[in-house]
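This is my_file-v2.cif. It holds mmCIF, C-alpha atoms.
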data_my_file
loop_
_atom_site.group_PDB
_atom_site.id
_atom_site.type_symbol
_atom_site.label_atom_id
_atom_site.label_comp_id
_atom_site.auth_asym_id
_atom_site.auth_seq_id
_atom_site.Cartn_x
_atom_site.Cartn_y
_atom_site.Cartn_z
ATOM 1 C CA ALA A 1 -47.343 -25.803 84.129
ATOM 2 C CA MET A 2 -44.182 -23.806 83.386
ATOM 3 C CA ARG A 3 -45.789 -22.345 80.254
ATOM 4 C CA MET A 4 -48.810 -21.216 82.287
ATOM 5 C CA LEU A 5 -46.522 -19.893 85.012
ATOM 6 C CA GLY A 6 -45.106 -17.450 82.477
ATOM 7 C CA THR A 7 -48.481 -15.701 82.283
ATOM 8 C CA ARG A 8 -48.840 -15.530 86.085
ATOM 9 C CA PRO A 9 -45.270 -15.348 87.383
ATOM 10 C CA PRO A 10 -44.574 -15.397 91.129
ATOM 11 C CA ARG A 11 -42.765 -12.375 92.560
ATOM 12 C CA VAL A 12 -39.389 -14.003 92.183
ATOM 13 C CA GLN A 13 -36.881 -14.062 89.361
ATOM 14 C CA ILE A 14 -36.716 -17.550 87.835
ATOM 15 C CA SER A 15 -33.665 -18.945 86.067
ATOM 16 C CA LEU A 16 -34.532 -22.189 84.241
ATOM 17 C CA GLU A 17 -32.487 -24.954 82.679
ATOM 18 C CA THR A 18 -33.077 -28.539 81.578
ATOM 19 C CA GLY A 19 -31.030 -31.693 81.947
ATOM 20 C CA PRO A 20 -31.029 -35.373 82.929
ATOM 21 C CA ALA A 21 -33.152 -35.997 86.016
ATOM 22 C CA LEU A 22 -30.518 -37.769 88.102
ATOM 23 C CA ARG A 23 -27.889 -35.089 87.457
ATOM 24 C CA LEU A 24 -30.345 -32.322 88.335
ATOM 25 C CA ILE A 25 -31.248 -34.024 91.610
ATOM 26 C CA ASP A 26 -27.544 -34.333 92.463
ATOM 27 C CA GLN A 27 -27.136 -30.611 91.754
ATOM 28 C CA LEU A 28 -30.116 -29.844 93.979
ATOM 29 C CA ARG A 29 -28.560 -31.809 96.849
ATOM 30 C CA ALA A 30 -25.260 -30.002 96.230
ATOM 31 C CA HIS A 31 -26.995 -26.584 96.602
ATOM 32 C CA GLN A 32 -26.363 -25.738 92.948
ATOM 33 C CA LEU A 33 -30.118 -25.564 92.219
ATOM 34 C CA ASP A 34 -33.078 -24.347 94.259
ATOM 35 C CA ALA A 35 -35.737 -26.599 92.735
ATOM 36 C CA VAL A 36 -36.061 -29.455 90.257
ATOM 37 C CA ILE A 37 -39.168 -30.592 88.371
ATOM 38 C CA VAL A 38 -39.020 -34.327 87.618
ATOM 39 C CA GLY A 39 -41.176 -37.333 86.872
ATOM 40 C CA LEU A 40 -42.079 -39.747 89.648
ATOM 41 C CA PRO A 41 -41.055 -42.131 91.081
ATOM 42 C CA VAL A 42 -37.495 -41.034 91.799
ATOM 43 C CA ALA A 43 -35.181 -41.144 94.815
ATOM 44 C CA THR A 44 -36.223 -38.221 97.032
ATOM 45 C CA SER A 45 -34.710 -39.035 100.432
ATOM 46 C CA GLY A 46 -34.095 -35.822 102.386
ATOM 47 C CA LEU A 47 -35.928 -33.641 99.849
ATOM 48 C CA ARG A 48 -39.337 -31.995 99.910
ATOM 49 C CA VAL A 49 -41.735 -33.360 97.307
ATOM 50 C CA THR A 50 -44.611 -31.208 96.002
ATOM 51 C CA PRO A 51 -46.776 -33.099 93.469
ATOM 52 C CA THR A 52 -47.675 -31.079 90.382
ATOM 53 C CA GLY A 53 -50.269 -33.484 89.017
ATOM 54 C CA ALA A 54 -50.670 -36.507 86.771
ATOM 55 C CA GLU A 55 -51.557 -36.739 83.119
ATOM 56 C CA HIS A 56 -52.476 -39.207 80.439
ATOM 57 C CA ALA A 57 -50.403 -40.240 77.458
ATOM 58 C CA VAL A 58 -50.831 -39.603 73.764
ATOM 59 C CA VAL A 59 -49.261 -41.452 70.872
ATOM 60 C CA ALA A 60 -47.603 -39.673 67.955
ATOM 61 C CA LEU A 61 -48.350 -41.446 64.675
ATOM 62 C CA PRO A 62 -47.327 -40.788 61.068
ATOM 63 C CA ALA A 63 -50.141 -38.935 59.310
ATOM 64 C CA GLY A 64 -50.633 -41.881 56.949
ATOM 65 C CA HIS A 65 -51.127 -44.429 59.741
ATOM 66 C CA PRO A 66 -54.539 -46.181 59.627
ATOM 67 C CA GLN A 67 -55.303 -44.996 63.178
ATOM 68 C CA ALA A 68 -54.056 -41.423 62.732
ATOM 69 C CA THR A 69 -57.573 -39.970 62.516
ATOM 70 C CA ALA A 70 -59.023 -41.956 65.422
ATOM 71 C CA PRO A 71 -60.142 -39.897 68.463
ATOM 72 C CA SER A 72 -58.398 -42.405 70.750
ATOM 73 C CA ILE A 73 -56.802 -45.832 70.592
ATOM 74 C CA ALA A 74 -55.796 -48.623 72.947
ATOM 75 C CA LEU A 75 -52.070 -49.347 72.942
ATOM 76 C CA GLU A 76 -52.655 -53.100 72.623
ATOM 77 C CA ARG A 77 -54.742 -52.499 69.493
ATOM 78 C CA LEU A 78 -52.057 -50.250 68.035
ATOM 79 C CA ALA A 79 -49.369 -52.901 68.747
ATOM 80 C CA PRO A 80 -46.346 -50.896 67.522
ATOM 81 C CA ASP A 81 -43.143 -52.687 66.536
ATOM 82 C CA ARG A 82 -40.950 -49.700 67.423
ATOM 83 C CA VAL A 83 -41.478 -47.042 70.082
ATOM 84 C CA ILE A 84 -39.347 -43.885 70.060
ATOM 85 C CA VAL A 85 -38.246 -42.773 73.530
ATOM 86 C CA ALA A 86 -35.947 -40.183 75.061
ATOM 87 C CA PRO A 87 -32.648 -41.358 76.586
ATOM 88 C CA ARG A 88 -33.344 -43.226 79.816
ATOM 89 C CA ASP A 89 -31.026 -41.061 81.943
ATOM 90 C CA SER A 90 -32.857 -37.882 80.897
ATOM 91 C CA ASN A 91 -36.014 -38.975 82.724
ATOM 92 C CA PRO A 92 -35.884 -42.508 84.181
ATOM 93 C CA ALA A 93 -39.437 -42.320 85.539
ATOM 94 C CA PHE A 94 -40.891 -41.421 82.138
ATOM 95 C CA HIS A 95 -38.854 -44.174 80.466
ATOM 96 C CA ALA A 96 -40.065 -46.695 83.052
ATOM 97 C CA ALA A 97 -43.665 -45.567 82.532
ATOM 98 C CA VAL A 98 -43.409 -46.202 78.785
ATOM 99 C CA VAL A 99 -41.959 -49.674 79.409
ATOM 100 C CA ALA A 100 -44.728 -50.415 81.932
ATOM 101 C CA MET A 101 -47.438 -49.268 79.516
ATOM 102 C CA CYS A 102 -46.115 -51.603 76.825
ATOM 103 C CA ARG A 103 -45.781 -54.487 79.282
ATOM 104 C CA ASP A 104 -49.315 -54.004 80.619
ATOM 105 C CA ALA A 105 -50.595 -54.050 77.031
ATOM 106 C CA GLY A 106 -48.794 -57.362 76.438
ATOM 107 C CA LEU A 107 -46.346 -55.797 73.989
ATOM 108 C CA SER A 108 -42.562 -56.015 73.594
ATOM 109 C CA PRO A 109 -41.667 -53.374 71.002
ATOM 110 C CA VAL A 110 -38.149 -52.294 70.148
ATOM 111 C CA LEU A 111 -37.366 -49.095 72.073
ATOM 112 C CA VAL A 112 -35.542 -46.598 69.868
ATOM 113 C CA GLU A 113 -33.676 -44.105 72.092
ATOM 114 C CA LEU A 114 -33.131 -40.608 70.772
ATOM 115 C CA ALA A 115 -29.771 -38.868 71.097
ATOM 116 C CA GLU A 116 -31.447 -35.944 72.902
ATOM 117 C CA ALA A 117 -34.514 -35.652 75.099
ATOM 118 C CA ARG A 118 -36.419 -33.198 72.907
ATOM 119 C CA THR A 119 -40.055 -33.653 71.925
ATOM 120 C CA GLU A 120 -39.492 -32.149 68.488
ATOM 121 C CA HIS A 121 -36.795 -34.760 67.798
ATOM 122 C CA ALA A 122 -39.255 -37.525 68.716
ATOM 123 C CA LEU A 123 -41.851 -36.074 66.347
ATOM 124 C CA LEU A 124 -39.297 -35.767 63.555
ATOM 125 C CA ALA A 125 -38.392 -39.437 64.033
ATOM 126 C CA VAL A 126 -42.076 -40.372 63.820
ATOM 127 C CA ALA A 127 -42.522 -38.316 60.633
ATOM 128 C CA ALA A 128 -39.475 -40.056 59.147
ATOM 129 C CA GLY A 129 -41.002 -43.476 59.765
ATOM 130 C CA GLY A 130 -38.838 -44.460 62.731
ATOM 131 C CA GLY A 131 -41.805 -45.698 64.768
ATOM 132 C CA VAL A 132 -44.419 -44.219 67.072
ATOM 133 C CA ALA A 133 -43.737 -42.093 70.151
ATOM 134 C CA LEU A 134 -45.509 -42.058 73.505
ATOM 135 C CA LEU A 135 -45.663 -38.565 75.013
ATOM 136 C CA SER A 136 -47.262 -36.826 77.944
ATOM 137 C CA ALA A 137 -50.348 -34.856 76.948
ATOM 138 C CA SER A 138 -48.792 -31.562 78.101
ATOM 139 C CA ALA A 139 -45.622 -32.077 76.062
ATOM 140 C CA ALA A 140 -47.626 -32.997 72.983
ATOM 141 C CA ALA A 141 -49.843 -29.924 73.368
ATOM 142 C CA ARG A 142 -46.839 -27.634 72.943
ATOM 143 C CA HIS A 143 -45.686 -29.078 69.622
ATOM 144 C CA VAL A 144 -47.067 -29.395 66.116
ATOM 145 C CA MET A 145 -45.220 -31.306 63.412
ATOM 146 C CA PRO A 146 -46.279 -31.668 59.746
ATOM 147 C CA GLY A 147 -46.833 -35.311 58.895
ATOM 148 C CA VAL A 148 -47.550 -36.331 62.501
ATOM 149 C CA ARG A 149 -50.881 -36.849 64.261
ATOM 150 C CA LEU A 150 -51.360 -37.035 68.018
ATOM 151 C CA VAL A 151 -53.946 -39.530 69.263
ATOM 152 C CA GLU A 152 -55.044 -39.957 72.872
ATOM 153 C CA LEU A 153 -54.293 -43.342 74.397
ATOM 154 C CA GLU A 154 -57.218 -45.066 76.044
ATOM 155 C CA ALA A 155 -56.453 -45.554 79.735
ATOM 156 C CA THR A 156 -58.341 -45.404 83.007
ATOM 157 C CA GLU A 157 -55.389 -44.098 84.998
ATOM 158 C CA PRO A 158 -52.928 -41.273 84.223
ATOM 159 C CA ALA A 159 -49.647 -42.557 82.839
ATOM 160 C CA PHE A 160 -47.233 -39.939 84.185
ATOM 161 C CA GLU A 161 -46.772 -38.062 87.464
ATOM 162 C CA SER A 162 -44.448 -35.164 88.208
ATOM 163 C CA ALA A 163 -43.337 -33.141 91.229
ATOM 164 C CA VAL A 164 -41.190 -30.221 92.324
ATOM 165 C CA LEU A 165 -38.247 -31.235 94.518
ATOM 166 C CA THR A 166 -36.651 -28.744 96.908
ATOM 167 C CA ARG A 167 -34.239 -28.803 99.858
ATOM 168 C CA PRO A 168 -35.534 -28.108 103.358
ATOM 169 C CA GLY A 169 -33.866 -25.032 104.806
ATOM 170 C CA GLY A 170 -32.539 -23.601 101.550
ATOM 171 C CA SER A 171 -30.597 -20.343 101.488
ATOM 172 C CA ASP A 172 -33.676 -18.422 100.289
ATOM 173 C CA GLU A 173 -36.480 -20.720 101.340
ATOM 174 C CA LEU A 174 -39.163 -18.027 101.187
ATOM 175 C CA ALA A 175 -38.545 -17.321 97.494
ATOM 176 C CA THR A 176 -38.302 -21.029 96.677
ATOM 177 C CA SER A 177 -41.529 -21.741 98.552
ATOM 178 C CA ARG A 178 -43.319 -19.041 96.577
ATOM 179 C CA PHE A 179 -42.055 -20.573 93.328
ATOM 180 C CA VAL A 180 -43.235 -24.045 94.405
ATOM 181 C CA ARG A 181 -46.654 -22.733 95.361
ATOM 182 C CA ALA A 182 -46.990 -20.972 91.999
ATOM 183 C CA VAL A 183 -46.061 -24.113 90.033
ATOM 184 C CA ALA A 184 -48.507 -26.238 92.029
ATOM 185 C CA HIS A 185 -51.244 -23.625 91.577
ATOM 186 C CA VAL A 186 -51.049 -23.558 87.794
ATOM 187 C CA SER A 187 -50.650 -27.324 87.408
ATOM 188 C CA ARG A 188 -53.865 -29.038 86.456
ATOM 189 C CA ASP A 189 -55.411 -31.004 89.320
ATOM 190 C CA ALA A 190 -52.374 -30.319 91.507
ATOM 191 C CA PRO A 191 -52.835 -30.368 95.277
ATOM 192 C CA GLU A 192 -51.614 -27.505 97.446
ATOM 193 C CA PRO A 193 -47.960 -28.019 98.404
ATOM 194 C CA ARG A 194 -47.945 -29.654 101.812
ATOM 195 C CA SER A 195 -44.376 -28.711 102.687
ATOM 196 C CA CYS A 196 -44.698 -24.933 102.199
ATOM 197 C CA ALA A 197 -45.327 -22.887 105.353
ATOM 198 C CA GLY A 198 -47.594 -19.849 105.665
ATOM 199 C CA ARG A 199 -48.970 -17.508 103.060
ATOM 200 C CA VAL A 200 -46.480 -15.085 101.550
ATOM 201 C CA ARG A 201 -48.107 -11.651 101.270
ATOM 202 C CA GLU A 202 -45.204 -9.517 100.153
ATOM 203 C CA LEU A 203 -41.887 -10.545 98.701
ATOM 204 C CA ARG A 204 -39.193 -8.433 97.116
ATOM 205 C CA PRO A 205 -37.956 -9.854 93.789
ATOM 206 C CA ARG A 206 -35.588 -12.721 94.466
ATOM 207 C CA ARG A 207 -33.976 -15.312 92.257
ATOM 208 C CA VAL A 208 -34.866 -19.012 92.083
ATOM 209 C CA HIS A 209 -32.627 -21.299 90.023
ATOM 210 C CA ALA A 210 -34.849 -24.184 88.865
ATOM 211 C CA ALA A 211 -34.345 -27.055 86.436
ATOM 212 C CA ILE A 212 -36.654 -29.385 84.543
ATOM 213 C CA ALA A 213 -36.027 -32.984 83.477
ATOM 214 C CA PRO A 214 -37.537 -33.248 79.942
#
Please express what this file holds, its structure, as structure tokens.
Amino acid sequence: AMRMLGTRPPRVQISLETGPALRLIDQLRAHQLDAVIVGLPVATSGLRVTPTGAEHAVVALPAGHPQATAPSIALERLAPDRVIVAPRDSNPAFHAAVVAMCRDAGLSPVLVELAEARTEHALLAVAAGGGVALLSASAAARHVMPGVRLVELEATEPAFESAVLTRPGGSDELATSRFVRAVAHVSRDAPEPRSCAGRVRELRPRRVHAAIAP
């Protein structure tokens, strides 16, 4: 969504950063950020929650893996021994979703946590033979790595959900609301933000400080 937003920016100046989800939410509550994009579920008491959609998972496999050329694969059929994941504190909801997917498939693989929550690091680990990696489809679409193939996981329900979190009554709520509406608009299958009031027709350039949990 943020990549698409760059081609259709709202009439506000956006300052972006990334970081662990729980720290970003604390900074939002402390008025150090205007908005945070995180995976769900997460503690949101007192915050506005605008869903930005749900998406399926893909699995990153070494190019030489027997299933690397398959159009899709069931996780239980893949049965990996090691699954590469980002640090839990970077995105607890995503980490929990990966654990739940393995549990529902009847699997108990070793979870190999990366030092940093970066998709390219996960793909490098896969290419080096460290295991397979489960990624959101949107994250996988932004990266290409020699020696790695991305295969869609068979599933009837999306694996990951995300949302924009904001504070009610922020110092520049009009600009923040416009940012939230823009993110929701460009997110695939995202509903209109329920917590944003009125249609903004004209807005002088203002600054929104937003953060994203990888």
Problem set entry | Among the residues A:Ala117, A:Ile73, A:Gly46, A:Leu40, the one that comes closest to A:Gly19 [using all atoms listed in the file] | A:Ala117
For this session: Starting from the displayed file, determine the output of the PyMOL selection byres ((chain A and resi 130-136) around 8) and express the residue list as number ranges by chain.
Result: A: 55-62, 80-85, 98, 122-123, 125-129, 137-140, 159-160
Could you save the residues just selected, with C-alpha atoms, as an mmCIF file, in the coordinates of the input?
data_model
loop_
_atom_site.group_PDB
_atom_site.id
_atom_site.type_symbol
_atom_site.label_atom_id
_atom_site.label_comp_id
_atom_site.auth_asym_id
_atom_site.auth_seq_id
_atom_site.Cartn_x
_atom_site.Cartn_y
_atom_site.Cartn_z
ATOM 1 C CA GLU A 55 -51.557 -36.739 83.119
ATOM 2 C CA HIS A 56 -52.476 -39.207 80.439
ATOM 3 C CA ALA A 57 -50.403 -40.240 77.458
ATOM 4 C CA VAL A 58 -50.831 -39.603 73.764
ATOM 5 C CA VAL A 59 -49.261 -41.452 70.872
ATOM 6 C CA ALA A 60 -47.603 -39.673 67.955
ATOM 7 C CA LEU A 61 -48.350 -41.446 64.675
ATOM 8 C CA PRO A 62 -47.327 -40.788 61.068
ATOM 9 C CA PRO A 80 -46.346 -50.896 67.522
ATOM 10 C CA ASP A 81 -43.143 -52.687 66.536
ATOM 11 C CA ARG A 82 -40.950 -49.700 67.423
ATOM 12 C CA VAL A 83 -41.478 -47.042 70.082
ATOM 13 C CA ILE A 84 -39.347 -43.885 70.060
ATOM 14 C CA VAL A 85 -38.246 -42.773 73.530
ATOM 15 C CA VAL A 98 -43.409 -46.202 78.785
ATOM 16 C CA ALA A 122 -39.255 -37.525 68.716
ATOM 17 C CA LEU A 123 -41.851 -36.074 66.347
ATOM 18 C CA ALA A 125 -38.392 -39.437 64.033
ATOM 19 C CA VAL A 126 -42.076 -40.372 63.820
ATOM 20 C CA ALA A 127 -42.522 -38.316 60.633
ATOM 21 C CA ALA A 128 -39.475 -40.056 59.147
ATOM 22 C CA GLY A 129 -41.002 -43.476 59.765
ATOM 23 C CA ALA A 137 -50.348 -34.856 76.948
ATOM 24 C CA SER A 138 -48.792 -31.562 78.101
ATOM 25 C CA ALA A 139 -45.622 -32.077 76.062
ATOM 26 C CA ALA A 140 -47.626 -32.997 72.983
ATOM 27 C CA ALA A 159 -49.647 -42.557 82.839
ATOM 28 C CA PHE A 160 -47.233 -39.939 84.185
#
Exercise. Nearest to A:Glu152 among A:Gly53, A:Pro71, A:Pro20, A:Pro41, with distances taken over all atoms listed in the file: which residue is it?
Worked result: A:Pro71
For this session: Give me, please, the distance in Å between atom CA of A:Glu154 and atom CA of A:Pro109, quoted to one decimal.
Result: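 It comes out at 18.3 Å.
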Problem set entry | Residue IDs satisfying the PyMOL selection byres ((chain A and resi 145) around 9), as a PyMOL selection string | chain A and resi 120+123-124+127+143-144+146-149
Go ahead and save the residues from that selection, with C-alpha atoms, as a compact mmCIF listing (two decimals), in the coordinates of the input.
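Saved to result.txt:
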# COMPACT_ATOMS: atom_id res chain seq x y z
CA GLU A 120 -39.49 -32.15 68.49
CA LEU A 123 -41.85 -36.07 66.35
CA LEU A 124 -39.30 -35.77 63.56
CA ALA A 127 -42.52 -38.32 60.63
CA HIS A 143 -45.69 -29.08 69.62
CA VAL A 144 -47.07 -29.40 66.12
CA PRO A 146 -46.28 -31.67 59.75
CA GLY A 147 -46.83 -35.31 58.90
CA VAL A 148 -47.55 -36.33 62.50
CA ARG A 149 -50.88 -36.85 64.26
Problem set entry | Reference answer for the PyMOL selection byres ((chain A and resi 24-27) around 12), as a PyMOL selection string | chain A and resi 16-23+28-39+42-49+89-91+164-167+209-214
Exercise. Rounded to one decimal in Å, what is the spacing between atom CA of A:Glu161 and atom CA of A:Met101?
Worked result: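 Pair atom CA of A:Glu161 / atom CA of A:Met101 returns 13.8 Å.
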For this session: Mind giving me the straight-line distance from atom CA of A:Val151 to atom CA of A:Ala115 in Å, one decimal?
Result: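 Separation of atom CA of A:Val151 and atom CA of A:Ala115: 24.3 Å.
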Take every atom of stretch 97-109 of chain A listed in the file, fit an axis-aligned box around them, add 4 Å per side, and give the centre and edge lengths in Å to one decimal as lines of an AutoDock Vina configuration file.
center_x = -46.1
center_y = -51.5
center_z = 76.8
size_x = 16.9
size_y = 19.8
size_z = 19.5
Exercise. Which residue out of A:Ala155, A:Ala86, A:Ala93, A:Cys102 has the minimum interatomic distance to A:His121 when only C-alpha atoms are used?
Worked result: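 Result for the nearest residue to A:His121: A:Ala86.
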Problem set entry | Residue with smallest distance to A:Glu76 - pool A:Ala163, A:Ala141, A:Ala54, A:Ala105, counting only C-alpha atoms |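 Going through A:Ala163, A:Ala141, A:Ala54, A:Ala105 one by one, the smallest distance to A:Glu76 is for A:Ala105.
Proximity to A:Leu111 was assessed for A:Pro168, A:Pro158, A:Pro87, A:Pro66 counting all atoms listed in the file; the smallest distance is recorded for A:Pro87.
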Problem set entry | Among the residues A:Ser162, A:Thr119, A:Ala79, A:Ala63, the one that comes closest to A:Arg103 [using only C-alpha atoms] |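 Once distances to A:Arg103 are computed over only C-alpha atoms, the minimum belongs to A:Ala79.
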